[in-house]
Every structure is written in C-alpha cells, then in structure tokens.
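Read through the structure below, which is laid out as structure tokens, and then see the notes.
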Amino acid sequence: MAPIVLYTTRRTPAGRAVEITAKMIGLELDVKFMDLTKKEHMTEEFLKMNPLHTVPTIVDGDVPLYDSHAIIIYLVSKYAKDDKLYPKDLVTQARINAMLHLESGVLFARLRGLLEPIFYKGCAELPQDKMDGIYNAYDLVEGSLQSDYLVGNSLTLADISCCTSLSSLHTLFPADAGKCPKLIAYLKRLEQVIPDYHEFNTVRAEEANTYLKLKLEENKKK
C-alpha cells in the first residue's frame with residue numbers, strides 16, 4: 001500500500017501534530033512540504049483536494065482529508081494498534097475533543113492572530129493586546145492541567161495537538177515559570193515521551209522564531 005501523502009509546511013503546528021501522530025503509531029507518511037508564499041495551496045489540483053486551501057491535508061488512497069484534528073483522529077482510529085491515544089470511552093473522547101477545540105480556538109488562533117499581520121500584511125510591531133491574549137492562553141492551559149497530561153494520566157491526542165502550538169508560542173513568547181509551573185513541567189515531560197520531539201517541535205519552533213524576527217526587521221525598513 002502506498003504511504004499516505006501529507007501536504008503541510010515545516011512550521012505549522014497543525015502539520016507537526018499529524019507528523020507526530022503518525023510517528024507514534026508507526027505509520028509511514030509521504031510528506032510534501034509546501035510553499036504557501038508561492039500559492040502552492042491555491043492551485044486547481046490542491047483545491048480539488050481541499051476547497052478550504054489549508055494545510056495540513058492528507059490523501060489516503062483516493063480519500064483527501066483536511067483539518068489536523070479530524071486527520072489525527074482518523075489516523076489513530078484506522079491505523080493504531082490500540083486506542084490509547086484516543087480511547088473509545090465516550091467521556092474520555094469528549095474531554096480530548098474539548099482540548100482539541102482549545103488548541104484550534106485559543107492556542108493556534110492566538111498564535112495565528114499575532115503572526116499573520118507580520119508575515120503577510122507588513123506589520124512591524126508585536127501588538128500588546130495579542131501578546132496579552134497569548135499569556136492568557138497559558139493561564140487557561142495551566143488551569144486545565146489537573147494531572148500529568150491534559151486528559152488523565154497518559155498521553156493522548158489532546159497533548160499531541162496542543163503541544164505543537166504550545167511549543168511555538170513558548171519559543172516565541174516564553175511562559176513565566178513562576179505563574180505557570182505546571183505548564184513548564186508539562187512541556188518538559190512531553191519532551192521525554194514524544195518521539196523526535198526536538199525535531200518536530202523545538203527545531204521547527206526555532207525556525208518560526210527566526211522567521212518572525214526576520215519579517216519584523218524587513219517590515220520596519222518598508
């Protein structure tokens with residue numbers, strides 16, 4: 001069987017979540033990194049797969065799927081040898097789903113809300129209100145950590161999804177260890193239990209940080 005094709009970018013947290021999930025369940029992916037600045041996601045071919053023109057997008061056989069949360073649930077449900085990452089228990093699933101919505105509606109949304117004006121609209125400053133929203137997001141995660149992981153005492157898709165945005169946010173705008181000790185301990189814990197965490201999160205978050213600094217300098221010269 002041909003490997004599942006993943007269309008993504010190196011830095012996007014959502015795409016990294018799909019890569020980590022596949023790694024966790026031993027699933028081979030054919031990863032195709034796209035250049036969004038060249039509008040590779042707006043081609044006729046890509047829009048047929050994903051009319052929302054977002055990454056990540058996968059193609060499994062002749063089935064295209066998009067949205068990282070839908071993708072990682074699909075991959076685990078279809079290909080994982082057990083249900084540890086997304087247990088069949090409905091209460092546990094609901095709690096995981098709530099954290100997936102936290103990632104998309106709060107963590108990634110606030111990261112994107114700050115970066116898009118800089119990357120695409122020429123903004124040369126970091127808006128204070130956007131940064132305040134990010135630190136508020138850290139408080140929400142801190143309050144959500146009632147055990148070693150976001151849902152229960154073992155790693156689930158909630159952690160895989162949230163850790164990608166959190167690692168990017170924390171690299172760009174470090175959380176205060178005094179205010180969010182559970183969050184800091186949580187990220188260190190994930191470094192130990194997620195395979196290739198350094199490559200997927202640390203290295204690529206640093207790439208995003210470098211690009212952010214470059215774009216701010218470029219924008220200031222305009």
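Going by the structure tokens order, chains are called A, B, ..., each with residues numbered from 1, while ligands are numbered from 1 in the order shown.
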
Test item: residues at most 8 Å from stretch 160-175 of chain A, only C-alpha atoms, excluding those fewer than 2 positions along its chain, as a VMD selection string
chain A and resid 13 to 14 16 to 17 20 to 21 69 99 to 100 102 to 103 107 to 108 111 131 134 to 135 138 155 to 158 177 179 to 180 184 187 190 201 to 202 205 to 206 208 to 209

For each of A:Ser68, A:Thr12, A:Ser147, A:Thr43, take the minimum atom-to-atom distance to A:Leu115, counting only C-alpha atoms, then give the residue where this is smallest.
A:Thr12

Can you tell me which residues surround A:Gly152 at a distance of at most 12 Å, considering only C-alpha atoms, apart from same-chain residues fewer than 3 positions away, and format the answer as a CSV table (one decimal) with C-alpha atoms, in the first residue's frame?
chain,number,residue,atom,x,y,z
A,84,LYS,CA,-4.5,4.6,23.9
A,85,LEU,CA,-4.2,8.0,22.1
A,86,TYR,CA,-8.0,8.3,21.5
A,87,PRO,CA,-9.8,5.8,23.9
A,91,VAL,CA,-16.4,10.6,28.2
A,92,THR,CA,-12.6,10.5,27.6
A,93,GLN,CA,-13.2,11.2,23.9
A,95,ARG,CA,-12.6,15.6,27.1
A,96,ILE,CA,-10.0,15.1,24.4
A,144,SER,CA,-6.5,22.7,32.7
A,145,LEU,CA,-3.6,20.6,33.9
A,146,GLN,CA,-5.1,18.6,36.7
A,147,SER,CA,-2.8,15.6,36.2
A,148,ASP,CA,0.4,14.9,34.2
A,149,TYR,CA,-1.4,15.2,30.9
A,155,LEU,CA,-0.6,10.8,26.6
A,156,THR,CA,-3.5,11.3,24.2
A,157,LEU,CA,-4.2,13.2,21.0
A,158,ALA,CA,-5.1,16.2,23.2
A,159,ASP,CA,-1.4,16.5,24.2

For atom CA of A:Lys48 and atom CA of A:Thr9, the interatomic separation in Å (one decimal):
18.9 Å

Spatial neighbours of A:Arg10, 8 Å, only C-alpha atoms, chain gap at least 5 places, as a PDB file with N, CA and C atoms, in the first residue's frame:
ATOM      1  N   GLY A  15       0.336  20.727  11.108  1.00  0.00           N
ATOM      2  CA  GLY A  15       1.014  19.705  10.331  1.00  0.00           C
ATOM      3  C   GLY A  15       1.953  18.872  11.185  1.00  0.00           C
ATOM      4  N   ARG A  16       2.612  19.526  12.124  1.00  0.00           N
ATOM      5  CA  ARG A  16       3.504  18.797  13.030  1.00  0.00           C
ATOM      6  C   ARG A  16       2.722  17.808  13.886  1.00  0.00           C
ATOM      7  N   PHE A  33       6.323  19.141   1.726  1.00  0.00           N
ATOM      8  CA  PHE A  33       6.293  20.485   2.283  1.00  0.00           C
ATOM      9  C   PHE A  33       5.950  21.488   1.176  1.00  0.00           C
ATOM     10  N   ARG A 204      11.644  23.239  14.874  1.00  0.00           N
ATOM     11  CA  ARG A 204      10.753  23.958  13.957  1.00  0.00           C
ATOM     12  C   ARG A 204      10.159  25.209  14.595  1.00  0.00           C
TER      13      ARG A 204
END

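With only C-alpha atoms taken into account, the protein and nucleic acid residues at most 8 Å from A:Leu29 (excluding it and anything under 3 positions from it in its own chain) are A:Pro3, A:Ile4, A:Val5, A:Leu6, A:Glu19, A:Ala22.
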
Hey, what does DSSP flag as strand (DSSP E or B) within stretch 7-206 of chain A? Can you give it to me as an NGL selection string?
:A and (7-8 or 29-33 or 57-60 or 63-66)

Export, as a JSON list (two decimals), in the first residue's frame, the selected residues with N, CA, C and O atoms.
[["chain", "number", "residue", "atom", "x", "y", "z"],
["A", 7, "TYR", "N", 0.35, 16.87, 2.90],
["A", 7, "TYR", "CA", 0.70, 18.19, 2.41],
["A", 7, "TYR", "C", 0.72, 19.14, 3.61],
["A", 7, "TYR", "O", -0.29, 19.28, 4.30],
["A", 8, "THR", "N", 1.84, 19.79, 3.83],
["A", 8, "THR", "CA", 1.97, 20.61, 5.03],
["A", 8, "THR", "C", 3.10, 21.62, 4.83],
["A", 8, "THR", "O", 3.63, 21.76, 3.73],
["A", 29, "LEU", "N", 4.46, 8.21, 6.32],
["A", 29, "LEU", "CA", 3.85, 9.30, 5.56],
["A", 29, "LEU", "C", 4.79, 9.73, 4.44],
["A", 29, "LEU", "O", 6.01, 9.73, 4.61],
["A", 30, "ASP", "N", 4.22, 10.12, 3.33],
["A", 30, "ASP", "CA", 4.97, 10.77, 2.26],
["A", 30, "ASP", "C", 4.73, 12.27, 2.44],
["A", 30, "ASP", "O", 3.71, 12.81, 2.01],
["A", 31, "VAL", "N", 5.66, 12.93, 3.12],
["A", 31, "VAL", "CA", 5.47, 14.33, 3.50],
["A", 31, "VAL", "C", 5.92, 15.25, 2.37],
["A", 31, "VAL", "O", 7.06, 15.17, 1.91],
["A", 32, "LYS", "N", 5.02, 16.11, 1.94],
["A", 32, "LYS", "CA", 5.32, 17.09, 0.90],
["A", 32, "LYS", "C", 5.17, 18.49, 1.50],
["A", 32, "LYS", "O", 4.06, 18.95, 1.77],
["A", 33, "PHE", "N", 6.32, 19.14, 1.73],
["A", 33, "PHE", "CA", 6.29, 20.49, 2.28],
["A", 33, "PHE", "C", 5.95, 21.49, 1.18],
["A", 33, "PHE", "O", 6.55, 21.47, 0.11],
["A", 57, "THR", "N", -3.20, 18.75, 4.85],
["A", 57, "THR", "CA", -4.17, 17.95, 4.11],
["A", 57, "THR", "C", -3.50, 16.60, 3.84],
["A", 57, "THR", "O", -2.31, 16.56, 3.55],
["A", 58, "ILE", "N", -4.26, 15.53, 3.96],
["A", 58, "ILE", "CA", -3.72, 14.22, 3.62],
["A", 58, "ILE", "C", -4.53, 13.61, 2.49],
["A", 58, "ILE", "O", -5.68, 13.99, 2.25],
["A", 59, "VAL", "N", -3.88, 12.66, 1.82],
["A", 59, "VAL", "CA", -4.58, 11.83, 0.83],
["A", 59, "VAL", "C", -4.27, 10.38, 1.18],
["A", 59, "VAL", "O", -3.11, 9.96, 1.13],
["A", 60, "ASP", "N", -5.29, 9.65, 1.56],
["A", 60, "ASP", "CA", -5.16, 8.24, 1.91],
["A", 60, "ASP", "C", -5.84, 7.44, 0.81],
["A", 60, "ASP", "O", -7.07, 7.35, 0.77],
["A", 63, "VAL", "N", -8.77, 9.16, -0.93],
["A", 63, "VAL", "CA", -9.57, 9.95, 0.01],
["A", 63, "VAL", "C", -8.76, 11.14, 0.55],
["A", 63, "VAL", "O", -7.79, 10.94, 1.29],
["A", 64, "PRO", "N", -9.13, 12.37, 0.19],
["A", 64, "PRO", "CA", -8.48, 13.53, 0.78],
["A", 64, "PRO", "C", -9.19, 13.94, 2.07],
["A", 64, "PRO", "O", -10.42, 13.88, 2.17],
["A", 65, "LEU", "N", -8.41, 14.34, 3.06],
["A", 65, "LEU", "CA", -8.96, 14.80, 4.33],
["A", 65, "LEU", "C", -8.18, 16.03, 4.79],
["A", 65, "LEU", "O", -6.97, 16.12, 4.55],
["A", 66, "TYR", "N", -8.87, 16.94, 5.48],
["A", 66, "TYR", "CA", -8.19, 18.12, 5.98],
["A", 66, "TYR", "C", -8.71, 18.49, 7.36],
["A", 66, "TYR", "O", -9.70, 17.95, 7.83]]

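Distances to A:Met24 were evaluated for A:Leu75, A:Lys88, A:Ala124, A:Gly143 using only C-alpha atoms, and the minimum falls at A:Leu75.
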
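Neighbouring residues of A:Lys121 at 12 Å or closer, counting only C-alpha atoms and skipping chain neighbours under 5 positions away, are Gly113, Leu114, Leu115, Glu116, Lys215, Leu216, Glu218, Asn219 and Lys222 of chain A.
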
Store the residues of this selection in a file with N, CA, C and O atoms, as a PDB file, in the first residue's frame.
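Final output, saved to selection.pdb:
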ATOM      1  N   GLY A 113      -3.245  34.853  15.002  1.00  0.00           N
ATOM      2  CA  GLY A 113      -3.705  36.238  15.059  1.00  0.00           C
ATOM      3  C   GLY A 113      -2.573  37.227  15.235  1.00  0.00           C
ATOM      4  O   GLY A 113      -2.640  38.364  14.753  1.00  0.00           O
ATOM      5  N   LEU A 114      -1.524  36.806  15.911  1.00  0.00           N
ATOM      6  CA  LEU A 114      -0.365  37.675  16.088  1.00  0.00           C
ATOM      7  C   LEU A 114       0.566  37.642  14.886  1.00  0.00           C
ATOM      8  O   LEU A 114       1.089  38.674  14.451  1.00  0.00           O
ATOM      9  N   LEU A 115       0.775  36.452  14.316  1.00  0.00           N
ATOM     10  CA  LEU A 115       1.779  36.319  13.263  1.00  0.00           C
ATOM     11  C   LEU A 115       1.304  36.766  11.884  1.00  0.00           C
ATOM     12  O   LEU A 115       2.095  37.310  11.104  1.00  0.00           O
ATOM     13  N   GLU A 116       0.042  36.550  11.550  1.00  0.00           N
ATOM     14  CA  GLU A 116      -0.424  36.849  10.199  1.00  0.00           C
ATOM     15  C   GLU A 116      -0.196  38.303   9.786  1.00  0.00           C
ATOM     16  O   GLU A 116       0.256  38.556   8.672  1.00  0.00           O
ATOM     17  N   LYS A 215      11.098  38.897   9.561  1.00  0.00           N
ATOM     18  CA  LYS A 215       9.983  39.654   8.999  1.00  0.00           C
ATOM     19  C   LYS A 215       9.785  40.985   9.724  1.00  0.00           C
ATOM     20  O   LYS A 215       9.470  42.006   9.090  1.00  0.00           O
ATOM     21  N   LEU A 216       9.976  41.011  11.029  1.00  0.00           N
ATOM     22  CA  LEU A 216       9.852  42.275  11.765  1.00  0.00           C
ATOM     23  C   LEU A 216      10.891  43.273  11.276  1.00  0.00           C
ATOM     24  O   LEU A 216      10.585  44.461  11.093  1.00  0.00           O
ATOM     25  N   GLU A 218      12.393  43.267   8.322  1.00  0.00           N
ATOM     26  CA  GLU A 218      12.031  43.642   6.942  1.00  0.00           C
ATOM     27  C   GLU A 218      10.918  44.685   6.944  1.00  0.00           C
ATOM     28  O   GLU A 218      10.973  45.676   6.205  1.00  0.00           O
ATOM     29  N   ASN A 219       9.916  44.462   7.769  1.00  0.00           N
ATOM     30  CA  ASN A 219       8.767  45.361   7.797  1.00  0.00           C
ATOM     31  C   ASN A 219       9.119  46.738   8.317  1.00  0.00           C
ATOM     32  O   ASN A 219       8.547  47.753   7.883  1.00  0.00           O
ATOM     33  N   LYS A 222      10.403  49.102   5.594  1.00  0.00           N
ATOM     34  CA  LYS A 222       9.489  49.491   4.499  1.00  0.00           C
ATOM     35  C   LYS A 222       8.974  50.915   4.713  1.00  0.00           C
ATOM     36  O   LYS A 222       8.833  51.375   5.822  1.00  0.00           O
TER      37      LYS A 222
END

Please give the complete set of residues from stretch 1-197 of chain A that DSSP, run on the backbone, assigns to alpha helix (DSSP H), formatted as a VMD selection string.
chain A and resid 13 to 25 44 to 49 68 to 79 90 to 102 108 to 120 128 to 144 157 to 172 181 to 193 197
